[in-house]
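Engineer: Structure in structure tokens, see below.
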Amino acid sequence: MFSGLSRLWGGRQPDMTADPDDGTLPKFEYGRPDFVGLSEDEVQVSADAQVRPIMIPRDTCRLPWNAGYAEVINSGKSLRNEDQAICEVFSLVDPEDDPLVAGHGNGTEPYHPHDDVVPAKSPKTALVSTDPECKKVVIFGIVDGHAGSEAAVFTSKLLHYHIQEKLSTMQELLFTNKKDKVAENGWPDGQVTADWKDVLPDQLVTGALEAAFHTMDAQIGRERHMYQLTGGCAVIVALFFLDRLYVANAGDCRAVVCRRARPMQLSTDFTPITERQRLQHLAWLRPHLIGDEFTHLEFQQRLTSLDVGRRVLYRDVGMKGWAYKTVTLEDIKFPLIHGDGKRAKLMATIGVTRGFGDHDLRVYNTELYVKPFLSPNPEVRAYDLASQMHDADDVLILASDGLWDVISNEKACELVSSSLSQFAPDDMARYTSAAQELVMYARGILEPKVGWRTVDETPSSSDDISAFVIPLCCYGSNAQMPMSPKLTVGRPADWSDDANSAPAEQPDDVDSDSAKQEVGGQAGDRPDGEASGQQQQQQQ
């Protein structure tokens, strides 16, 4: 079984956007992120796994605060770049004034790409009296797809709408006195004083992000029966809101603040190794999920029938250390988690443990579903932007694991700081250049008979690589270079109450020397109608 499984996951993956046997098609056509502004021809150029051109946005001014972004395709493991990216600005709206946010759309009109850029509707009668700038939310995100591009594209098109909806329903509590609001709803004052629990704004935003992630995964689960939605994706988003930076992560992408050229990681890489205890505990509680194929116990070595009766080191549910156990025949099963580091796999199938999709993923040649072990629940961390000053060289690096597989947090900050030092603080291209430098280092140089290597002669990344470099000095009450980005988000015409319906059915009830080259060609249509600049790409 497992030798066949290794063949299944090794080598070049098929083009998952081809029409499946049942005739369903993707809901959204494949493409690169809209803000990058590539033409169809340039999308084809970006998919060259031999040259691996580094793509940057056609118009850097299109991103809030002139943030930088760069991406490159993998070296051949899939026919398309399965990473996607999110960059949107929206304002909270009144659910009673806008039924689409409340989830009451009729869902009858077909989706059109231009629907994504209709300006968000301004409420006629605001429930909350506050500065409109306080309701503005800036969101960046990296979506790292696997086993196909559909789930990643689907997420990149819709996740920010779910976040907008969930945050909008919280604004009464975010911007008003909570106890007074409860009293207005008819609760006796005495009961409010006795029973009301103070809820901090951070907890409300965290809850909104968690709910949005779960709703997004449930929507993928439902709509996979109507559209082609193969594979899954890891997701990380950075939310600038209320003078704070919120990072919500479900997967192995990473967010790192680089301040004074020193790194501070704002996310956890969720892998079978880092989530061993959660996975073991679930397998122990629900042994039918692993059947007779796997054991929830972890052993120091791979056991064979020759080890029966021997004492070996093991770890059980809840154990952080190791102890001795006498091996029995029951222990001679494949471990739930096998391998070390980035090579570790859950049920010999997948290397990430949080994210969206993978609803139909099964262990090779069995009827065991992997989805019950995969959680869409994000870890949310808050970083207070108002409590400290940031200059033009202080940034947030948001990137897929294709970057972090070969670059440490310290090295990333070093590369970014070195790149930024070459530009004036008000140069609009400085952050794009920094993102480009990160991706270029991780991709490396193609050397004859050796393959892709970094400039330090170490193995480079063969994965898709996507990276944002976002300045921290432009947002918040302490902003040194304050800039208010324009709203970009509307809502799809088919936004319906499906977004708030019950979760999808589950398989189980459980939860440098380089040559620079200009790319010609016309950019895709700009949603704002402005002229586009030139698209650049870099290749060694």
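Residue numbering restarts at 1 for every chain of the structure tokens, chains are lettered A, B, ... in their displayed order, and ligands are numbered from 1 as they appear.
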I need the residues in range 298-406 of chain A that are helix (DSSP H, G or I) according to DSSP; give them as a short mmCIF file (atom, residue, chain, number, x, y, z; two decimals) with C-alpha atoms, in the first residue's frame.
Structural biologist:
```cif
data_model
loop_
_atom_site.label_atom_id
_atom_site.label_comp_id
_atom_site.auth_asym_id
_atom_site.auth_seq_id
_atom_site.Cartn_x
_atom_site.Cartn_y
_atom_site.Cartn_z
CA SER A 305 7.40 -8.27 13.38
CA LEU A 306 10.93 -8.96 14.65
CA ASP A 307 10.41 -6.29 17.35
CA LEU A 329 1.43 -7.49 17.44
CA GLU A 330 -1.11 -4.67 17.76
CA ASP A 331 1.74 -2.17 17.56
CA GLY A 341 10.57 17.73 9.58
CA LYS A 342 9.12 18.75 6.22
CA ARG A 343 9.05 15.10 5.14
CA LYS A 371 -10.38 15.16 6.38
CA PRO A 372 -11.46 14.48 10.00
CA PHE A 373 -7.85 15.16 11.03
CA ASP A 401 6.25 27.58 2.70
CA GLY A 402 8.13 27.56 -0.60
CA LEU A 403 10.07 30.51 0.81
CA TRP A 404 10.41 29.38 4.41
#
```
Engineer: What lies within 8 Å of range 238-252 of chain A using only C-alpha atoms, ignoring chain neighbours under 6 positions off, as a ChimeraX atom specification?
Structural biologist: /A:134-141,209,266-271,352-355,375-386,398,400-401,475-477
Engineer: Enter the distance from CA of Ile470 in chain A to CA of Tyr161 in chain A, in Å, rounded to one decimal.
Structural biologist: 21.5 Å
Engineer: Closest to Pro287 in chain A among A:Leu336, A:Met216, A:His160, A:Ala255, using only C-alpha atoms?
Structural biologist: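 Using only C-alpha atoms, Pro287 in chain A sits closest to A:Leu336.
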